[in-house]
file work_37.txt (compact mmCIF, C-alpha atoms and all ligand atoms)
# COMPACT_ATOMS: atom_id res chain seq x y z
CA MET A 16 0.00 0.00 0.00
CA ALA A 17 2.73 2.44 0.95
CA ASP A 18 4.16 2.46 -2.56
CA LYS A 19 0.82 3.46 -4.05
CA LYS A 20 0.94 6.98 -2.64
CA LYS A 21 -2.55 8.35 -2.28
CA LYS A 22 -3.12 12.03 -2.83
CA LYS A 23 -5.00 13.87 -0.15
CA ARG A 24 -8.09 15.59 -1.48
CA LEU A 25 -9.44 17.00 1.71
CA SER A 26 -12.77 18.75 1.74
CA LYS A 27 -12.73 22.54 1.92
CA VAL A 28 -14.42 22.47 5.32
CA PHE A 29 -11.09 21.64 6.90
CA ASP A 30 -9.84 25.11 5.96
CA TYR A 31 -12.47 26.55 8.28
CA LEU A 32 -11.52 24.41 11.26
CA LYS A 33 -8.84 26.83 12.41
CA TYR A 34 -9.09 26.33 16.14
CA GLU A 35 -8.71 23.47 18.55
CA ASP A 36 -11.74 21.43 19.60
CA PRO A 37 -12.10 22.55 23.24
CA PHE A 38 -14.28 19.65 24.31
CA ALA A 39 -13.05 16.60 26.17
CA LYS A 40 -12.92 13.52 23.99
CA GLY A 41 -15.48 11.48 25.88
CA VAL A 42 -18.58 13.52 26.67
CA SER A 43 -22.03 12.16 27.30
CA PHE A 44 -24.04 13.12 24.26
CA CYS A 45 -26.05 10.23 22.79
CA ALA A 46 -24.14 8.22 20.20
CA GLY A 47 -24.51 9.72 16.75
CA CYS A 48 -26.23 12.93 17.87
CA PRO A 49 -25.53 15.74 15.41
CA LEU A 50 -25.64 18.14 18.37
CA GLU A 51 -22.24 16.82 19.44
CA ARG A 52 -20.82 17.68 16.02
CA LEU A 53 -22.45 21.08 16.34
CA VAL A 54 -21.04 22.02 19.75
CA ARG A 55 -17.58 20.97 18.66
CA PHE A 56 -17.91 22.77 15.33
CA VAL A 57 -18.85 26.19 16.71
CA PRO A 58 -15.58 26.81 18.64
CA GLN A 59 -13.53 25.04 15.96
CA VAL A 60 -14.67 27.75 13.54
CA MET A 61 -15.34 30.78 15.77
CA GLY A 62 -12.38 30.31 18.09
CA ASN A 63 -11.98 29.23 21.67
CA ASP A 64 -12.31 32.73 23.10
CA ILE A 65 -16.08 32.81 22.74
CA VAL A 66 -18.24 32.94 25.84
CA ILE A 67 -21.14 30.54 25.82
CA THR A 68 -24.30 31.04 27.79
CA GLY A 69 -27.02 28.45 27.80
CA THR A 70 -29.88 26.87 29.66
CA PRO A 71 -31.00 23.44 30.87
CA SER A 72 -31.20 21.44 27.65
CA CYS A 73 -29.62 18.51 25.85
CA SER A 74 -26.43 20.53 25.64
CA ALA A 75 -26.38 21.42 29.34
CA PRO A 76 -25.00 18.16 30.82
CA VAL A 77 -21.85 18.71 28.79
CA LEU A 78 -21.76 22.50 28.61
CA LEU A 79 -22.42 22.86 32.34
CA GLY A 80 -20.08 20.03 33.26
CA GLN A 81 -22.74 18.04 35.03
CA ASN A 82 -21.37 14.74 33.90
CA GLY A 83 -18.39 14.76 36.16
CA LYS A 84 -15.78 17.10 34.80
CA SER A 85 -15.78 15.72 31.30
CA TRP A 86 -16.70 18.87 29.50
CA HIS A 87 -14.80 21.70 27.83
CA LYS A 88 -12.37 24.59 28.21
CA LEU A 89 -14.68 27.40 27.07
CA SER A 90 -16.08 30.09 29.31
CA TYR A 91 -19.63 29.14 30.10
CA TYR A 92 -22.43 30.71 32.04
CA GLY A 93 -25.50 28.65 32.82
CA THR A 94 -28.80 30.43 33.19
CA LEU A 95 -32.56 29.82 33.15
CA MET A 96 -34.74 29.18 30.14
CA THR A 97 -36.96 32.15 30.90
CA GLY A 98 -34.14 34.67 30.60
CA ALA A 99 -31.48 33.25 28.31
CA ALA A 100 -31.30 36.19 25.92
CA SER A 101 -31.48 38.75 28.74
CA ASN A 102 -28.57 37.00 30.38
CA ALA A 103 -26.57 37.15 27.16
CA THR A 104 -27.48 40.83 26.87
CA GLY A 105 -25.87 41.48 30.23
CA LEU A 106 -22.72 39.61 29.26
CA ALA A 107 -22.44 41.34 25.91
CA ARG A 108 -22.92 44.76 27.48
CA TYR A 109 -20.33 43.99 30.13
CA TYR A 110 -17.74 43.09 27.49
CA LYS A 111 -18.55 46.20 25.52
CA ARG A 112 -18.26 48.49 28.54
CA ALA A 113 -15.06 46.81 29.73
CA GLY A 114 -13.57 47.13 26.26
CA ILE A 115 -13.01 43.40 25.96
CA ASP A 116 -13.21 41.94 22.49
CA GLY A 117 -15.36 38.91 23.21
CA THR A 118 -18.05 37.13 21.28
CA VAL A 119 -21.01 36.08 23.38
CA VAL A 120 -22.83 33.04 22.05
CA CYS A 121 -26.23 32.26 23.53
CA PHE A 122 -26.65 28.56 22.79
CA ASN A 123 -30.09 27.08 23.29
CA GLY A 124 -32.52 24.49 22.08
CA ASP A 125 -35.85 25.14 20.45
CA GLY A 126 -37.66 24.86 23.79
CA THR A 127 -35.89 27.96 25.07
CA ALA A 128 -35.76 29.85 21.80
CA ALA A 129 -39.24 29.19 20.43
CA ASP A 130 -41.30 28.67 23.60
CA ILE A 131 -40.06 29.49 27.08
CA GLY A 132 -37.50 32.15 26.25
CA PHE A 133 -39.14 33.51 23.12
CA GLY A 134 -40.20 36.77 24.70
CA ASN A 135 -36.76 37.84 25.79
CA LEU A 136 -35.22 36.53 22.56
CA SER A 137 -37.57 38.77 20.62
CA GLY A 138 -36.73 41.63 22.99
CA ALA A 139 -32.99 41.21 22.51
CA ALA A 140 -33.51 41.12 18.74
CA GLU A 141 -35.54 44.31 18.85
CA ARG A 142 -32.91 46.04 21.02
CA ASN A 143 -30.25 44.83 18.58
CA GLU A 144 -27.99 43.51 21.34
CA PRO A 145 -24.47 42.62 20.13
CA PHE A 146 -24.32 38.84 20.49
CA VAL A 147 -24.93 35.64 18.54
CA TYR A 148 -27.96 33.54 19.41
CA ILE A 149 -27.68 29.95 18.20
CA CYS A 150 -30.79 27.80 18.41
CA TYR A 151 -30.27 24.11 17.71
CA ASP A 152 -33.66 22.83 16.69
CA ASN A 153 -34.36 19.20 17.51
CA GLU A 154 -38.07 19.87 17.33
CA GLY A 155 -39.01 19.12 20.90
CA TYR A 156 -38.03 18.92 24.55
CA MET A 157 -35.73 15.97 24.04
CA ASN A 158 -33.77 16.23 27.26
CA THR A 159 -36.83 16.01 29.51
CA GLY A 160 -38.42 13.08 27.68
CA ILE A 161 -39.37 14.01 24.13
CA GLN A 162 -42.30 16.35 24.65
CA LYS A 163 -43.60 18.49 21.81
CA SER A 164 -42.48 22.09 21.35
CA SER A 165 -43.76 24.76 19.00
CA THR A 166 -41.21 23.78 16.36
CA THR A 167 -42.39 20.15 16.33
CA PRO A 168 -43.80 19.60 12.84
CA PHE A 169 -47.29 18.42 11.93
CA GLY A 170 -47.86 14.72 12.49
CA ALA A 171 -44.78 14.10 14.63
CA LYS A 172 -45.14 11.60 17.44
CA THR A 173 -43.86 12.77 20.82
CA THR A 174 -44.71 11.72 24.36
CA THR A 175 -47.25 14.56 24.65
CA THR A 176 -48.65 14.06 21.15
CA PRO A 177 -48.88 10.27 21.06
CA VAL A 178 -50.31 8.07 18.34
CA GLY A 179 -53.34 6.00 19.34
CA SER A 180 -57.06 5.71 18.75
CA ASN A 181 -57.79 9.36 19.61
CA GLU A 182 -54.63 11.14 18.52
CA ARG A 183 -52.34 10.90 15.56
CA GLY A 184 -49.27 12.84 16.60
CA LYS A 185 -49.15 16.63 16.65
CA ASN A 186 -52.19 18.08 14.92
CA LEU A 187 -50.78 21.60 14.73
CA ARG A 188 -48.16 23.16 12.54
CA ARG A 189 -44.62 24.17 13.39
CA LYS A 190 -43.45 27.67 14.10
CA ASN A 191 -40.87 28.96 11.64
CA LEU A 192 -38.47 30.43 14.14
CA GLY A 193 -35.80 31.58 11.68
CA LEU A 194 -38.30 33.56 9.67
CA LEU A 195 -39.85 35.08 12.78
CA LEU A 196 -36.48 36.35 13.94
CA ALA A 197 -35.51 37.61 10.49
CA MET A 198 -38.69 39.66 10.55
CA HIS A 199 -37.18 41.62 13.43
CA LYS A 200 -34.98 43.03 10.64
CA ILE A 201 -31.89 42.11 12.66
CA PRO A 202 -28.45 42.56 11.08
CA TYR A 203 -28.07 38.84 10.48
CA ALA A 204 -30.39 35.83 10.57
CA ALA A 205 -29.62 32.51 8.93
CA THR A 206 -30.42 28.81 8.92
CA ALA A 207 -27.82 26.07 8.75
CA THR A 208 -27.45 22.36 9.27
CA LEU A 209 -24.80 19.74 9.85
CA SER A 210 -24.79 18.21 6.38
CA ASN A 211 -23.67 21.49 4.79
CA LEU A 212 -20.74 22.32 6.99
CA GLU A 213 -19.02 24.76 4.65
CA ASP A 214 -22.15 26.85 4.41
CA PHE A 215 -22.51 26.62 8.18
CA ALA A 216 -18.91 27.71 8.78
CA LYS A 217 -19.33 30.74 6.54
CA LYS A 218 -22.44 31.75 8.43
CA LEU A 219 -20.71 31.36 11.79
CA LEU A 220 -17.85 33.60 10.69
CA LYS A 221 -20.26 36.15 9.31
CA ALA A 222 -22.23 36.11 12.56
CA LYS A 223 -19.06 36.56 14.58
CA GLU A 224 -18.18 39.62 12.54
CA ILE A 225 -21.64 41.19 12.49
CA SER A 226 -22.29 40.48 16.19
CA LYS A 227 -19.78 43.19 17.08
CA LYS A 228 -22.44 45.65 16.00
CA GLY A 229 -25.74 43.90 16.44
CA PHE A 230 -27.89 40.88 16.98
CA CYS A 231 -27.29 37.68 15.01
CA PHE A 232 -29.55 34.66 15.01
CA LEU A 233 -28.65 31.22 13.68
CA HIS A 234 -31.31 28.52 13.43
CA ILE A 235 -29.64 25.10 13.23
CA PHE A 236 -31.49 21.96 12.25
CA SER A 237 -30.21 19.19 14.51
CA PRO A 238 -32.09 15.86 14.37
CA CYS A 239 -32.35 13.76 17.53
CA PRO A 240 -31.63 10.05 16.92
CA THR A 241 -33.02 9.09 20.33
CA GLY A 242 -36.22 11.12 20.26
CA TRP A 243 -37.09 10.85 16.59
CA GLY A 244 -36.39 7.15 16.29
CA MET A 245 -33.54 7.16 13.82
CA PRO A 246 -30.64 4.71 13.60
CA THR A 247 -27.56 6.38 15.11
CA ASP A 248 -25.73 6.54 11.79
CA THR A 249 -28.39 8.58 9.96
CA GLY A 250 -28.00 11.97 11.68
CA ILE A 251 -26.17 13.65 8.82
CA GLU A 252 -28.26 11.87 6.19
CA VAL A 253 -31.48 13.24 7.73
CA CYS A 254 -30.01 16.78 7.73
CA ARG A 255 -29.16 16.38 4.06
CA LYS A 256 -32.63 15.10 3.17
CA ALA A 257 -34.23 17.97 5.09
CA VAL A 258 -32.34 20.40 2.86
CA GLN A 259 -33.03 18.48 -0.36
CA THR A 260 -36.78 18.34 0.31
CA ASN A 261 -36.95 22.01 1.37
CA TYR A 262 -38.15 20.88 4.75
CA PHE A 263 -35.32 23.03 6.10
CA PRO A 264 -34.14 25.45 3.40
CA LEU A 265 -30.78 27.15 3.84
CA TRP A 266 -31.02 30.92 3.63
CA GLU A 267 -29.69 34.06 5.24
CA ALA A 268 -31.12 37.53 5.77
CA GLU A 269 -29.02 40.63 6.31
CA ASN A 270 -31.00 43.60 7.61
CA GLY A 271 -34.13 41.99 6.24
CA LYS A 272 -32.67 41.18 2.83
CA PHE A 273 -33.22 37.51 2.12
CA SER A 274 -31.16 35.21 -0.06
CA PHE A 275 -30.83 31.45 -0.39
CA THR A 276 -27.36 30.11 0.30
CA LYS A 277 -28.24 26.78 -1.23
CA GLU A 278 -31.15 26.77 -3.58
CA VAL A 279 -32.42 23.27 -4.32
CA LYS A 280 -33.16 23.09 -8.03
CA LYS A 281 -35.46 20.11 -7.94
CA PRO A 282 -36.73 19.55 -4.43
CA LYS A 283 -37.50 15.98 -3.53
CA PRO A 284 -40.95 15.07 -2.18
CA ILE A 285 -41.23 15.27 1.60
CA LYS A 286 -41.96 11.53 1.62
CA GLU A 287 -38.27 10.81 1.19
CA TYR A 288 -37.50 12.73 4.35
CA VAL A 289 -40.45 11.36 6.31
CA LYS A 290 -39.51 7.74 5.71
CA LEU A 291 -36.13 8.17 7.38
CA VAL A 292 -37.66 9.15 10.71
CA LYS A 293 -39.75 6.88 12.89
CA LYS A 294 -41.72 9.70 14.53
CA PHE A 295 -43.53 10.03 11.19
CA SER A 296 -43.96 6.31 10.52
CA HIS A 297 -47.73 6.33 11.26
CA LEU A 298 -48.52 9.07 8.73
CA THR A 299 -50.97 8.27 5.94
CA GLU A 300 -50.68 9.67 2.41
CA GLU A 301 -53.13 12.47 3.24
CA GLU A 302 -51.25 13.41 6.37
CA ILE A 303 -47.96 13.51 4.48
CA GLU A 304 -49.72 15.79 2.01
CA VAL A 305 -50.52 18.22 4.86
CA LEU A 306 -46.85 18.28 5.80
CA GLN A 307 -45.91 18.78 2.16
CA LYS A 308 -48.26 21.77 1.94
CA ASP A 309 -46.70 23.25 5.07
CA VAL A 310 -43.22 22.87 3.57
CA ASP A 311 -44.32 24.28 0.20
CA TYR A 312 -45.97 27.25 1.85
CA GLU A 313 -42.92 28.15 3.91
CA TYR A 314 -40.69 27.79 0.89
CA ALA A 315 -42.97 29.96 -1.24
CA VAL A 316 -42.86 32.70 1.40
CA LEU A 317 -39.06 32.54 1.50
CA LYS A 318 -38.86 32.57 -2.28
CA GLN A 319 -40.95 35.71 -2.49
CA LEU A 320 -38.87 37.35 0.22
CA SER A 321 -35.66 36.49 -1.61
CA LEU A 322 -37.02 38.17 -4.75
CA LEU A 323 -37.76 41.42 -2.94
CA ASP A 324 -34.20 42.72 -3.04
CA GLN A 325 -34.77 45.31 -0.35
CA GLU A 326 -33.10 45.88 2.96
CA CYS A 327 -33.56 48.20 5.90
CA PRO A 328 -30.30 48.66 7.84
CA LEU A 329 -30.01 50.89 10.88
CA PRO A 330 -27.82 53.99 10.54
CA ASP A 331 -24.33 53.39 12.01
CA MET B 4 -5.90 14.32 29.97
CA SER B 5 -6.46 14.69 33.68
CA GLU B 6 -3.03 16.17 34.31
CA LYS B 7 -3.96 19.30 32.38
CA ILE B 8 -5.28 22.12 34.53
CA TYR B 9 -7.26 24.81 32.76
CA PHE B 10 -8.65 26.89 35.58
CA ASN B 11 -6.11 28.40 37.95
CA PHE B 12 -8.66 30.27 39.98
CA GLN B 13 -12.03 29.20 41.14
CA GLY B 14 -14.60 31.64 42.43
CA PRO B 15 -16.69 30.74 45.46
CA TRP B 16 -19.76 30.06 43.32
CA SER B 17 -18.01 28.65 40.30
CA ASP B 18 -18.64 25.09 39.31
CA ALA B 19 -15.54 25.12 37.15
CA ALA B 20 -13.59 21.97 37.75
CA THR B 21 -9.85 22.25 37.80
CA GLU B 22 -9.40 19.25 35.58
CA LEU B 23 -10.81 18.12 32.29
CA LEU B 24 -11.68 14.45 32.36
CA CYS B 25 -12.94 12.18 29.61
CA SER B 26 -15.79 9.74 30.00
CA ASP B 27 -15.17 6.19 28.87
CA THR B 28 -17.47 6.50 25.88
CA GLY B 29 -15.55 3.78 24.07
CA SER B 30 -17.33 1.28 26.28
CA TRP B 31 -20.72 2.25 24.80
CA ARG B 32 -19.79 0.81 21.45
CA THR B 33 -21.60 -2.23 20.06
CA GLU B 34 -19.99 -1.97 16.65
CA ARG B 35 -16.52 -0.89 15.65
CA PRO B 36 -15.61 1.03 12.48
CA VAL B 37 -13.04 -0.88 10.44
CA LEU B 38 -11.29 0.84 7.55
CA ASP B 39 -10.50 -0.84 4.26
CA GLU B 40 -7.40 1.11 3.24
CA GLU B 41 -7.64 -0.09 -0.37
CA LYS B 42 -10.94 1.69 -0.90
CA CYS B 43 -10.15 4.90 0.99
CA ILE B 44 -9.54 7.98 -1.15
CA LEU B 45 -8.51 10.17 1.81
CA CYS B 46 -11.35 12.66 1.37
CA GLY B 47 -11.67 13.11 5.12
CA PHE B 48 -15.46 13.04 5.18
CA CYS B 49 -15.39 10.50 8.01
CA ALA B 50 -13.21 12.79 10.14
CA MET B 51 -15.32 15.80 9.26
CA TYR B 52 -18.67 14.30 10.19
CA CYS B 53 -17.70 12.12 13.17
CA PRO B 54 -19.81 13.70 15.90
CA ILE B 55 -17.26 13.08 18.62
CA GLN B 56 -14.29 14.11 16.46
CA CYS B 57 -12.24 11.07 17.32
CA ILE B 58 -11.03 10.29 13.79
CA GLU B 59 -7.51 11.48 13.16
CA MET B 60 -4.80 11.03 10.59
CA LYS B 61 -2.66 8.18 11.83
CA GLY B 62 0.16 7.49 9.43
CA GLN B 63 -1.30 7.72 5.97
CA PHE B 64 -4.94 7.08 6.84
CA PHE B 65 -7.80 8.29 8.95
CA HIS B 66 -8.42 6.01 11.92
CA SER B 67 -10.79 6.38 14.83
CA ASP B 68 -9.67 6.51 18.43
CA LEU B 69 -11.36 3.44 19.88
CA ASN B 70 -10.98 4.75 23.43
CA PHE B 71 -13.75 7.24 22.67
CA CYS B 72 -15.54 6.09 19.48
CA LYS B 73 -19.20 5.50 20.39
CA GLY B 74 -19.78 3.25 17.40
CA CYS B 75 -22.54 5.40 15.94
CA GLY B 76 -21.67 4.50 12.35
CA VAL B 77 -21.89 8.03 10.94
CA CYS B 78 -18.40 7.68 9.45
CA ALA B 79 -19.34 4.45 7.68
CA ARG B 80 -22.55 5.91 6.28
CA GLU B 81 -20.99 9.18 5.10
CA CYS B 82 -17.93 7.61 3.48
CA PRO B 83 -18.44 8.10 -0.27
CA LYS B 84 -16.43 4.95 -1.08
CA LYS B 85 -18.01 2.73 1.59
CA ALA B 86 -14.51 2.07 2.87
CA ILE B 87 -15.60 1.76 6.50
CA SER B 88 -17.63 -1.18 7.74
CA MET B 89 -19.19 -1.57 11.17
CA VAL B 90 -18.15 -4.85 12.74
CA PRO B 91 -19.82 -6.14 15.96
CA GLU B 92 -17.58 -5.78 19.01
CA GLY B 93 -17.99 -9.48 19.85
CA GLU B 94 -15.75 -10.41 16.96
CA PHE B 95 -12.80 -8.69 18.60
CA LYS B 96 -13.12 -10.32 22.01
S1 LIG C 1 -18.51 5.16 14.63
FE1 LIG C 1 -19.22 7.22 15.11
S2 LIG C 1 -17.97 7.85 16.87
FE2 LIG C 1 -16.95 6.08 15.95
S3 LIG C 1 -15.47 6.96 14.55
FE3 LIG C 1 -17.33 6.55 13.36
S4 LIG C 1 -18.47 8.49 13.42
FE4 LIG C 1 -16.92 8.60 15.05
S1 LIG C 2 -14.71 9.01 4.27
FE1 LIG C 2 -14.06 7.01 3.48
S2 LIG C 2 -12.83 7.51 1.68
FE2 LIG C 2 -13.03 9.42 2.85
S3 LIG C 2 -11.21 9.44 4.17
FE3 LIG C 2 -12.83 8.47 5.37
S4 LIG C 2 -12.60 6.28 4.98
FE4 LIG C 2 -11.41 7.33 3.41
call {"tool": "encode", "arguments": {"input": "work_37.txt", "output": "structure tokens", "more": "lines below"}}
Ligand code: SF4
Ligand code: SF4
result
Amino acid sequence: MADKKKKKRLSKVFDYLKYEDPFAKGVSFCAGCPLERLVRFVPQVMGNDIVITGTPSCSAPVLLGQNGKSWHKLSYYGTLMTGAASNATGLARYYKRAGIDGTVVCFNGDGTAADIGFGNLSGAAERNEPFVYICYDNEGYMNTGIQKSSTTPFGAKTTTTPVGSNERGKNLRRKNLGLLLAMHKIPYAATATLSNLEDFAKKLLKAKEISKKGFCFLHIFSPCPTGWGMPTDTGIEVCRKAVQTNYFPLWEAENGKFSFTKEVKKPKPIKEYVKLVKKFSHLTEEEIEVLQKDVDYEYAVLKQLSLLDQECPLPD
Amino acid sequence: MSEKIYFNFQGPWSDAATELLCSDTGSWRTERPVLDEEKCILCGFCAMYCPIQCIEMKGQFFHSDLNFCKGCGVCARECPKKAISMVPEGEFK
């Protein structure tokens, strides 16, 4: 083998991994959870000098060091779900007043961002506070036992929206959190996922830059193998399918100006995504059609927004 | 890892530990990734997507650190050349 010298053709993503992975090697995220890739990716790209603030969530056992010292070397401040963004506001203002060049990253799940801490998130966005808010969306309260949240999609089975003779999973639609935040006309809002790491890295760097002046929001699609009923090896595959079916389109909005960062030419039917995930396994054709309509609607709204070509920045 | 000390000072209310330990996540594994070096084209996708970032260049090839590999199989699934296969742990006992 040694004589047949193989040429390295490394993916471009490696160019973005400039910093050390500050996490301990063995940390207690579920096997195959894309969230683990995500928490390691953020400081690998943004640098180890970021300050993370977060709440009780799937990320907390590791980020707060609750699993016996096997955690990370980053600065971390744990807070409550009801005031996550307010807490980050305080940190960001402190750094600004003290003249310290620090990036504050408020790192939360969808439970905090879309439900419990939505009010103060919206407030921080409106006040244009200088920090980065990252919401990893696993579409439910996975850490407490897979309850539904407002980003849980139509038809999904959770422990509070079970499937039986009276109920067939969640009978409501999901909240489009990324779009809601972008409508605050913040300097930077974007969606990203773990299958498109180069796109994700670019958005992280952009957010780091823009967050010196104002509020940045990143909505990250992060499937949950344990809660959604997926084999542990399919995490990245499900992310990819979500992008290809437009279930989770990748876009960014600067000062309210929308653009797709990866426009899918021929989107696949949502069926191809649904069949990978067990929480949708009970869905009938008609129910899948409802989900398809939801996806089509959200995409159509985004498409129109991306055609607008208008922005409304604040004066410097 | 435990000999490294990252926090020299600890405030009265800080829960910052003075040491960084590693959990024995290698013991969770039911299947082990095995690389077929013939098929590998050194694209690095396995190392890029491995959630726990335990795949590193060892010699000429990417190999996973079995002390920490959880055996999730992401590397095997994402490898474009199907060069990694997941082999049950029992076969190595
Ligand atoms: S099986 Fe999972 S944890 Fe182990 S090396 Fe592959 S991707 Fe990493
Ligand atoms: S993904 Fe497969 S082909 Fe690429 S470096 Fe890893 S083992 Fe080799």
call {"tool": "residues_near_ligand", "arguments": {"input": "work_37.txt", "ligand": "ligand LIG 2 (chain C)", "cutoff": "12 Å", "atoms": "all atoms listed in the file", "output": "JSON, numbers by chain"}}
result
{"A": [21, 22, 23, 24, 25, 26], "B": [36, 37, 38, 39, 40, 41, 42, 43, 44, 45, 46, 47, 48, 49, 50, 51, 52, 53, 58, 59, 60, 61, 63, 64, 65, 66, 67, 76, 77, 78, 79, 80, 81, 82, 83, 84, 85, 86, 87, 88, 89]}
call {"tool": "closest_residue", "arguments": {"input": "work_37.txt", "among": "B:Gly74, B:Gly29, B:Pro54, B:Gly62", "to": "chain A", "atoms": "all atoms listed in the file"}}
result
B:Pro54
call {"tool": "interface_residues", "arguments": {"input": "work_37.txt", "of": "chain A", "to": "chain B", "cutoff": "7 Å", "atoms": "all atoms listed in the file", "output": "VMD selection string"}}
result
chain A and resid 23 to 26 39 to 42 46 to 49 51 to 52 84 to 88 247 to 249
call {"tool": "atom_distance", "arguments": {"input": "work_37.txt", "atom1": "CA of Gly132 in chain A", "atom2": "CA of Ala99 in chain A"}}
result
6.5 Å
call {"tool": "atom_distance", "arguments": {"input": "work_37.txt", "atom1": "CA of Lys223 in chain A", "atom2": "CA of Ala207 in chain A"}}
result
14.9 Å
call {"tool": "residues_around", "arguments": {"input": "work_37.txt", "residues": "Arg183 in chain A", "least_positions_apart": "5", "cutoff": "10 Å", "atoms": "all atoms listed in the file", "output": "PyMOL selection string"}}
result
chain A and resi 169-172+176-178+295+297-298+302
call {"tool": "atom_distance", "arguments": {"input": "work_37.txt", "atom1": "CA of Tyr34 in chain A", "atom2": "CA of Val54 in chain A"}}
result
13.2 Å
call {"tool": "residues_around", "arguments": {"input": "work_37.txt", "residues": "Arg108 in chain A", "least_positions_apart": "3", "cutoff": "12 Å", "atoms": "all atoms listed in the file", "output": "MDAnalysis selection string"}}
result
chainID A and resid 101:105 111:119 139 142:146 227:229
call {"tool": "closest_residue", "arguments": {"input": "work_37.txt", "among": "A:Thr260, A:Asn191, A:Ser321, A:Thr206", "to": "Ser274 in chain A", "atoms": "all atoms listed in the file"}}
result
A:Ser321
call {"tool": "residues_near_point", "arguments": {"input": "work_37.txt", "point": "(-43.3, 32.3, 16.7)", "cutoff": "10 Å", "atoms": "all atoms listed in the file", "output": "PyMOL selection string"}}
result
chain A and resi 128-130+133-134+137+165-166+189-196
call {"tool": "closest_residue", "arguments": {"input": "work_37.txt", "among": "A:Glu278, A:Val258, A:Ala222, A:Pro246", "to": "ligand LIG 1 (chain C)", "atoms": "only C-alpha atoms and all ligand atoms"}}
result
A:Pro246
call {"tool": "closest_residue", "arguments": {"input": "work_37.txt", "among": "A:Glu326, A:Glu213, A:Glu269, A:Glu141", "to": "Phe29 in chain A", "atoms": "all atoms listed in the file"}}
result
A:Glu213
call {"tool": "residues_around", "arguments": {"input": "work_37.txt", "residues": "Glu94 in chain B", "least_positions_apart": "2", "cutoff": "12 Å", "atoms": "all atoms listed in the file", "output": "VMD selection string"}}
result
chain B and resid 33 to 35 37 89 to 92 96
call {"tool": "decode", "arguments": {"input": "work_37.txt", "residues": "range 70-80 of chain A", "atoms": "N, CA, C and O atoms", "output": "mmCIF file, in the first residue's frame"}}
result
data_model
loop_
_atom_site.group_PDB
_atom_site.id
_atom_site.type_symbol
_atom_site.label_atom_id
_atom_site.label_comp_id
_atom_site.auth_asym_id
_atom_site.auth_seq_id
_atom_site.Cartn_x
_atom_site.Cartn_y
_atom_site.Cartn_z
ATOM 1 N N THR A 70 -28.838 27.211 28.690
ATOM 2 C CA THR A 70 -29.876 26.867 29.659
ATOM 3 C C THR A 70 -29.968 25.357 29.820
ATOM 4 O O THR A 70 -29.330 24.618 29.080
ATOM 5 N N PRO A 71 -30.775 24.884 30.783
ATOM 6 C CA PRO A 71 -30.997 23.445 30.867
ATOM 7 C C PRO A 71 -31.518 22.931 29.525
ATOM 8 O O PRO A 71 -32.490 23.446 29.004
ATOM 9 N N SER A 72 -30.838 21.958 28.969
ATOM 10 C CA SER A 72 -31.203 21.440 27.647
ATOM 11 C C SER A 72 -30.360 20.204 27.400
ATOM 12 O O SER A 72 -29.608 19.789 28.268
ATOM 13 N N CYS A 73 -30.464 19.656 26.190
ATOM 14 C CA CYS A 73 -29.623 18.512 25.849
ATOM 15 C C CYS A 73 -28.144 18.866 25.939
ATOM 16 O O CYS A 73 -27.302 18.024 26.220
ATOM 17 N N SER A 74 -27.835 20.140 25.656
ATOM 18 C CA SER A 74 -26.428 20.527 25.637
ATOM 19 C C SER A 74 -25.893 20.783 27.047
ATOM 20 O O SER A 74 -24.699 20.776 27.276
ATOM 21 N N ALA A 75 -26.812 20.996 28.012
ATOM 22 C CA ALA A 75 -26.378 21.416 29.342
ATOM 23 C C ALA A 75 -25.519 20.395 30.101
ATOM 24 O O ALA A 75 -24.548 20.783 30.738
ATOM 25 N N PRO A 76 -25.837 19.093 30.071
ATOM 26 C CA PRO A 76 -24.999 18.165 30.825
ATOM 27 C C PRO A 76 -23.523 18.281 30.466
ATOM 28 O O PRO A 76 -22.657 18.139 31.325
ATOM 29 N N VAL A 77 -23.243 18.568 29.191
ATOM 30 C CA VAL A 77 -21.848 18.707 28.794
ATOM 31 C C VAL A 77 -21.382 20.147 28.980
ATOM 32 O O VAL A 77 -20.334 20.402 29.574
ATOM 33 N N LEU A 78 -22.191 21.108 28.533
ATOM 34 C CA LEU A 78 -21.764 22.503 28.605
ATOM 35 C C LEU A 78 -21.639 22.980 30.051
ATOM 36 O O LEU A 78 -20.816 23.805 30.373
ATOM 37 N N LEU A 79 -22.486 22.465 30.940
ATOM 38 C CA LEU A 79 -22.416 22.861 32.343
ATOM 39 C C LEU A 79 -21.535 21.936 33.177
ATOM 40 O O LEU A 79 -21.412 22.107 34.365
ATOM 41 N N GLY A 80 -20.969 20.927 32.540
ATOM 42 C CA GLY A 80 -20.085 20.027 33.260
ATOM 43 C C GLY A 80 -20.780 19.192 34.313
ATOM 44 O O GLY A 80 -20.222 18.873 35.355
#
